[in-house]
file data_17.pdb (PDB, C-alpha atoms, pLDDT in the B column)
ATOM      1  CA  VAL A  18     -21.574 159.221 -37.461  1.00 96.00           C
ATOM      2  CA  GLN A  19     -18.487 157.232 -38.341  1.00 98.00           C
ATOM      3  CA  LEU A  20     -14.864 158.361 -38.523  1.00 98.00           C
ATOM      4  CA  VAL A  21     -12.242 155.874 -39.680  1.00 98.00           C
ATOM      5  CA  GLU A  22      -8.577 156.811 -39.477  1.00 98.00           C
ATOM      6  CA  SER A  23      -5.824 155.082 -41.424  1.00 98.00           C
ATOM      7  CA  GLY A  24      -2.262 155.638 -42.572  1.00 98.00           C
ATOM      8  CA  GLY A  25      -0.356 155.353 -39.324  1.00 98.00           C
ATOM      9  CA  GLY A  26       2.833 153.375 -39.003  1.00 98.00           C
ATOM     10  CA  SER A  27       6.448 153.363 -37.848  1.00 98.00           C
ATOM     11  CA  VAL A  28       8.977 155.709 -39.408  1.00 98.00           C
ATOM     12  CA  GLN A  29      12.397 157.092 -38.618  1.00 98.00           C
ATOM     13  CA  SER A  30      12.952 160.654 -37.530  1.00 98.00           C
ATOM     14  CA  GLY A  31      12.700 162.964 -40.533  1.00 98.00           C
ATOM     15  CA  GLY A  32      10.272 160.694 -42.350  1.00 98.00           C
ATOM     16  CA  SER A  33       6.756 161.360 -43.575  1.00 98.00           C
ATOM     17  CA  LEU A  34       3.310 159.832 -43.239  1.00 98.00           C
ATOM     18  CA  ARG A  35      -0.122 160.775 -44.525  1.00 98.00           C
ATOM     19  CA  LEU A  36      -3.099 160.031 -42.333  1.00 98.00           C
ATOM     20  CA  SER A  37      -6.620 159.758 -43.704  1.00 98.00           C
ATOM     21  CA  CYS A  38      -9.989 160.036 -42.002  1.00 98.00           C
ATOM     22  CA  ALA A  39     -12.964 158.678 -43.929  1.00 98.00           C
ATOM     23  CA  ALA A  40     -16.212 160.148 -42.630  1.00 98.00           C
ATOM     24  CA  SER A  41     -19.860 159.191 -42.967  1.00 98.00           C
ATOM     25  CA  GLY A  42     -23.203 159.820 -41.326  1.00 97.00           C
ATOM     26  CA  PHE A  43     -23.215 163.599 -41.578  1.00 97.00           C
ATOM     27  CA  THR A  44     -22.843 166.387 -44.142  1.00 97.00           C
ATOM     28  CA  PHE A  45     -19.074 166.366 -44.478  1.00 98.00           C
ATOM     29  CA  SER A  46     -18.779 169.546 -46.558  1.00 97.00           C
ATOM     30  CA  SER A  47     -20.413 171.591 -43.791  1.00 97.00           C
ATOM     31  CA  GLN A  48     -18.375 170.207 -40.928  1.00 98.00           C
ATOM     32  CA  GLU A  49     -15.203 171.504 -39.307  1.00 98.00           C
ATOM     33  CA  MET A  50     -12.691 168.646 -39.044  1.00 98.00           C
ATOM     34  CA  ARG A  51      -9.906 168.189 -36.519  1.00 98.00           C
ATOM     35  CA  TRP A  52      -6.915 165.986 -35.786  1.00 98.00           C
ATOM     36  CA  LEU A  53      -5.911 165.296 -32.201  1.00 98.00           C
ATOM     37  CA  ARG A  54      -2.950 163.435 -30.762  1.00 98.00           C
ATOM     38  CA  GLN A  55      -2.578 161.436 -27.565  1.00 98.00           C
ATOM     39  CA  ALA A  56       1.023 161.021 -26.477  1.00 97.00           C
ATOM     40  CA  PRO A  57       2.155 157.763 -24.808  1.00 95.00           C
ATOM     41  CA  GLY A  58       1.343 157.669 -21.122  1.00 94.00           C
ATOM     42  CA  LYS A  59      -0.610 160.897 -21.263  1.00 94.00           C
ATOM     43  CA  GLU A  60      -4.257 161.275 -20.464  1.00 92.00           C
ATOM     44  CA  GLY A  61      -6.209 163.402 -22.832  1.00 94.00           C
ATOM     45  CA  ARG A  62      -5.787 164.352 -26.441  1.00 97.00           C
ATOM     46  CA  ASP A  63      -4.223 167.521 -27.814  1.00 97.00           C
ATOM     47  CA  LEU A  64      -5.672 169.385 -30.762  1.00 98.00           C
ATOM     48  CA  ILE A  65      -2.971 169.695 -33.399  1.00 98.00           C
ATOM     49  CA  ALA A  66      -4.775 170.709 -36.601  1.00 98.00           C
ATOM     50  CA  ASP A  67      -8.154 172.002 -37.697  1.00 98.00           C
ATOM     51  CA  ILE A  68      -9.813 172.784 -41.008  1.00 98.00           C
ATOM     52  CA  THR A  69     -13.085 174.642 -41.400  1.00 98.00           C
ATOM     53  CA  TYR A  70     -15.792 173.938 -43.951  1.00 97.00           C
ATOM     54  CA  ASN A  71     -14.307 176.727 -46.120  1.00 97.00           C
ATOM     55  CA  ASN A  72     -10.712 175.485 -45.797  1.00 97.00           C
ATOM     56  CA  LEU A  73      -9.366 177.823 -43.131  1.00 98.00           C
ATOM     57  CA  THR A  74      -6.693 175.992 -41.186  1.00 98.00           C
ATOM     58  CA  TRP A  75      -5.117 176.173 -37.744  1.00 98.00           C
ATOM     59  CA  TYR A  76      -2.099 174.326 -36.347  1.00 98.00           C
ATOM     60  CA  ASP A  77      -0.615 173.836 -32.924  1.00 98.00           C
ATOM     61  CA  ALA A  78       2.852 175.384 -32.629  1.00 98.00           C
ATOM     62  CA  SER A  79       4.369 171.920 -32.197  1.00 98.00           C
ATOM     63  CA  VAL A  80       3.408 170.885 -35.752  1.00 98.00           C
ATOM     64  CA  LYS A  81       3.141 174.176 -37.635  1.00 98.00           C
ATOM     65  CA  GLY A  82       5.310 174.186 -40.746  1.00 98.00           C
ATOM     66  CA  ARG A  83       5.622 170.386 -40.761  1.00 98.00           C
ATOM     67  CA  PHE A  84       2.017 169.116 -40.904  1.00 98.00           C
ATOM     68  CA  THR A  85      -0.688 170.015 -43.407  1.00 98.00           C
ATOM     69  CA  ILE A  86      -4.389 169.352 -42.954  1.00 98.00           C
ATOM     70  CA  SER A  87      -6.629 169.142 -45.997  1.00 98.00           C
ATOM     71  CA  ARG A  88     -10.020 167.852 -47.050  1.00 98.00           C
ATOM     72  CA  ASP A  89     -11.663 166.287 -50.059  1.00 98.00           C
ATOM     73  CA  ASN A  90     -15.392 166.908 -49.848  1.00 98.00           C
ATOM     74  CA  ALA A  91     -16.093 164.636 -52.824  1.00 98.00           C
ATOM     75  CA  LYS A  92     -14.571 161.732 -50.868  1.00 98.00           C
ATOM     76  CA  SER A  93     -15.764 162.840 -47.410  1.00 98.00           C
ATOM     77  CA  THR A  94     -12.184 162.476 -46.266  1.00 98.00           C
ATOM     78  CA  THR A  95      -9.772 164.650 -44.366  1.00 98.00           C
ATOM     79  CA  TYR A  96      -5.997 164.182 -44.465  1.00 98.00           C
ATOM     80  CA  LEU A  97      -3.015 165.022 -42.329  1.00 98.00           C
ATOM     81  CA  GLN A  98       0.278 165.148 -44.212  1.00 98.00           C
ATOM     82  CA  MET A  99       3.089 164.840 -41.691  1.00 98.00           C
ATOM     83  CA  ASN A 100       6.627 165.706 -42.760  1.00 98.00           C
ATOM     84  CA  SER A 101       9.900 166.013 -40.857  1.00 98.00           C
ATOM     85  CA  LEU A 102       8.547 163.714 -38.175  1.00 98.00           C
ATOM     86  CA  LYS A 103      10.176 163.771 -34.758  1.00 98.00           C
ATOM     87  CA  PRO A 104      10.147 161.182 -31.944  1.00 98.00           C
ATOM     88  CA  GLU A 105       7.890 163.527 -29.961  1.00 97.00           C
ATOM     89  CA  ASP A 106       5.241 163.133 -32.677  1.00 98.00           C
ATOM     90  CA  THR A 107       4.736 159.548 -31.511  1.00 98.00           C
ATOM     91  CA  GLY A 108       1.188 158.861 -30.386  1.00 98.00           C
ATOM     92  CA  LEU A 109      -2.324 157.886 -31.271  1.00 98.00           C
ATOM     93  CA  TYR A 110      -3.877 160.197 -33.825  1.00 98.00           C
ATOM     94  CA  TYR A 111      -7.604 160.776 -33.836  1.00 98.00           C
ATOM     95  CA  CYS A 112      -9.987 162.406 -36.235  1.00 97.00           C
ATOM     96  CA  ASN A 113     -12.626 164.487 -34.459  1.00 98.00           C
ATOM     97  CA  ILE A 114     -15.785 166.465 -35.048  1.00 98.00           C
ATOM     98  CA  PHE A 115     -18.165 168.264 -32.716  1.00 97.00           C
ATOM     99  CA  TYR A 116     -21.581 167.147 -33.854  1.00 96.00           C
ATOM    100  CA  ASN A 117     -25.028 167.359 -32.292  1.00 94.00           C
ATOM    101  CA  GLY A 118     -23.556 168.651 -29.062  1.00 95.00           C
ATOM    102  CA  ALA A 119     -20.900 165.987 -28.603  1.00 96.00           C
ATOM    103  CA  ASN A 120     -17.337 165.237 -29.581  1.00 96.00           C
ATOM    104  CA  ARG A 121     -17.052 162.284 -31.922  1.00 97.00           C
ATOM    105  CA  TYR A 122     -13.815 160.378 -32.508  1.00 97.00           C
ATOM    106  CA  GLY A 123     -12.586 157.563 -34.669  1.00 97.00           C
ATOM    107  CA  GLN A 124     -10.691 154.581 -33.307  1.00 97.00           C
ATOM    108  CA  GLY A 125      -7.336 156.267 -33.829  1.00 97.00           C
ATOM    109  CA  THR A 126      -4.241 155.320 -35.776  1.00 98.00           C
ATOM    110  CA  GLN A 127      -0.825 154.779 -34.192  1.00 98.00           C
ATOM    111  CA  VAL A 128       2.208 156.780 -35.307  1.00 98.00           C
ATOM    112  CA  THR A 129       5.614 155.783 -33.990  1.00 98.00           C
ATOM    113  CA  VAL A 130       8.715 157.825 -34.814  1.00 98.00           C
ATOM    114  CA  SER A 131      12.100 156.409 -33.892  1.00 98.00           C
ATOM    115  CA  ALA A 132      15.231 158.482 -33.417  1.00 95.00           C
TER     116      ALA A 132
END
call {"tool": "encode", "arguments": {"input": "data_17.pdb", "output": "structure tokens"}}
result
Amino acid sequence: VQLVESGGGSVQSGGSLRLSCAASGFTFSSQEMRWLRQAPGKEGRDLIADITYNNLTWYDASVKGRFTISRDNAKSTTYLQMNSLKPEDTGLYYCNIFYNGANRYGQGTQVTVSA
């Protein structure tokens, strides 16, 4: 199983970024995909968005209405479109699946939002 995140960067408040997670090593179209965020100085990662194999989505209240999760099964890739970014969105963003009884993560991609 491999998850590779990309698309992070530094933006000003109100800006946008699109994160990508390229997946391999499992049947992507059957797998629920998640994005988690780890804030600076905080232990643990918070679930912020989820998409099921049949495109049902869930968002944490902190990002609902601003972020959109999507998937492209042909490319085995999931995306997180982030609009109206705020300084509190700063953190490491991870792609995640629960597979064969364990959580699997990519290496993460850094998002920094300045005021």
call {"tool": "residues_near_point", "arguments": {"input": "data_17.pdb", "point": "(1.5, 166.0, -43.0)", "cutoff": "6 Å", "atoms": "all atoms listed in the file", "output": "list in words"}}
result
Arg35, Phe84, Thr85, Leu97, Gln98, Met99 and Asn100 of chain A
call {"tool": "resolve_selection", "arguments": {"input": "data_17.pdb", "expression": "the PyMOL selection byres ((chain A and resi 43) around 12)", "output": "ChimeraX atom specification"}}
result
/A:18-20,39-42,44-50,90,93,114-117,121
call {"tool": "write_last_selection", "arguments": {"input": "data_17.pdb", "atoms": "C-alpha atoms", "output": "short mmCIF file (atom, residue, chain, number, x, y, z; two decimals), in the frame of the given file"}}
result
data_model
loop_
_atom_site.label_atom_id
_atom_site.label_comp_id
_atom_site.auth_asym_id
_atom_site.auth_seq_id
_atom_site.Cartn_x
_atom_site.Cartn_y
_atom_site.Cartn_z
CA VAL A 18 -21.57 159.22 -37.46
CA GLN A 19 -18.49 157.23 -38.34
CA LEU A 20 -14.86 158.36 -38.52
CA ALA A 39 -12.96 158.68 -43.93
CA ALA A 40 -16.21 160.15 -42.63
CA SER A 41 -19.86 159.19 -42.97
CA GLY A 42 -23.20 159.82 -41.33
CA THR A 44 -22.84 166.39 -44.14
CA PHE A 45 -19.07 166.37 -44.48
CA SER A 46 -18.78 169.55 -46.56
CA SER A 47 -20.41 171.59 -43.79
CA GLN A 48 -18.38 170.21 -40.93
CA GLU A 49 -15.20 171.50 -39.31
CA MET A 50 -12.69 168.65 -39.04
CA ASN A 90 -15.39 166.91 -49.85
CA SER A 93 -15.76 162.84 -47.41
CA ILE A 114 -15.78 166.46 -35.05
CA PHE A 115 -18.16 168.26 -32.72
CA TYR A 116 -21.58 167.15 -33.85
CA ASN A 117 -25.03 167.36 -32.29
CA ARG A 121 -17.05 162.28 -31.92
#
call {"tool": "resolve_selection", "arguments": {"input": "data_17.pdb", "expression": "the PyMOL selection byres ((chain A and resi 62) around 10)", "output": "CSV table (one decimal) with C-alpha atoms, in the coordinates of the input"}}
result
chain,number,residue,atom,x,y,z
A,52,TRP,CA,-6.9,166.0,-35.8
A,53,LEU,CA,-5.9,165.3,-32.2
A,54,ARG,CA,-3.0,163.4,-30.8
A,55,GLN,CA,-2.6,161.4,-27.6
A,56,ALA,CA,1.0,161.0,-26.5
A,59,LYS,CA,-0.6,160.9,-21.3
A,60,GLU,CA,-4.3,161.3,-20.5
A,61,GLY,CA,-6.2,163.4,-22.8
A,63,ASP,CA,-4.2,167.5,-27.8
A,64,LEU,CA,-5.7,169.4,-30.8
A,65,ILE,CA,-3.0,169.7,-33.4
A,108,GLY,CA,1.2,158.9,-30.4
A,109,LEU,CA,-2.3,157.9,-31.3
A,110,TYR,CA,-3.9,160.2,-33.8
A,111,TYR,CA,-7.6,160.8,-33.8
call {"tool": "atom_distance", "arguments": {"input": "data_17.pdb", "atom1": "atom CA of Glu105 of chain A", "atom2": "atom CA of Leu73 of chain A"}}
result
26.0 Å
call {"tool": "resolve_selection", "arguments": {"input": "data_17.pdb", "expression": "the PyMOL selection byres ((chain A and resi 87) around 7)", "output": "ChimeraX atom specification"}}
result
/A:68,85-86,88,95-97
call {"tool": "write_last_selection", "arguments": {"input": "data_17.pdb", "atoms": "C-alpha atoms", "output": "PDB file, in the coordinates of the input"}}
result
ATOM      1  CA  ILE A  68      -9.813 172.784 -41.008  1.00 98.00           C
ATOM      2  CA  THR A  85      -0.688 170.015 -43.407  1.00 98.00           C
ATOM      3  CA  ILE A  86      -4.389 169.352 -42.954  1.00 98.00           C
ATOM      4  CA  ARG A  88     -10.020 167.852 -47.050  1.00 98.00           C
ATOM      5  CA  THR A  95      -9.772 164.650 -44.366  1.00 98.00           C
ATOM      6  CA  TYR A  96      -5.997 164.182 -44.465  1.00 98.00           C
ATOM      7  CA  LEU A  97      -3.015 165.022 -42.329  1.00 98.00           C
TER       8      LEU A  97
END
call {"tool": "axis_aligned_box", "arguments": {"input": "data_17.pdb", "around": "segment 21-29 of chain A", "padding_each_side": "4 Å", "output": "AutoDock Vina command-line options"}}
result
--center_x 0.1 --center_y 155.2 --center_z -40.2 --size_x 32.6 --size_y 11.7 --size_z 12.7
call {"tool": "closest_residue", "arguments": {"input": "data_17.pdb", "among": "A:Arg51, A:Lys92, A:Gly123, A:Leu102", "to": "Val80 of chain A", "atoms": "all atoms listed in the file"}}
result
A:Leu102
call {"tool": "atom_distance", "arguments": {"input": "data_17.pdb", "atom1": "atom CA of Gly32 of chain A", "atom2": "atom CA of Ser101 of chain A"}}
result
5.5 Å
call {"tool": "closest_residue", "arguments": {"input": "data_17.pdb", "among": "A:Tyr76, A:Ser23, A:Asn71, A:Thr107", "to": "Gly58 of chain A", "atoms": "only C-alpha atoms"}}
result
A:Thr107
call {"tool": "atom_distance", "arguments": {"input": "data_17.pdb", "atom1": "atom CA of Val128 of chain A", "atom2": "atom CA of Leu34 of chain A"}}
result
8.6 Å
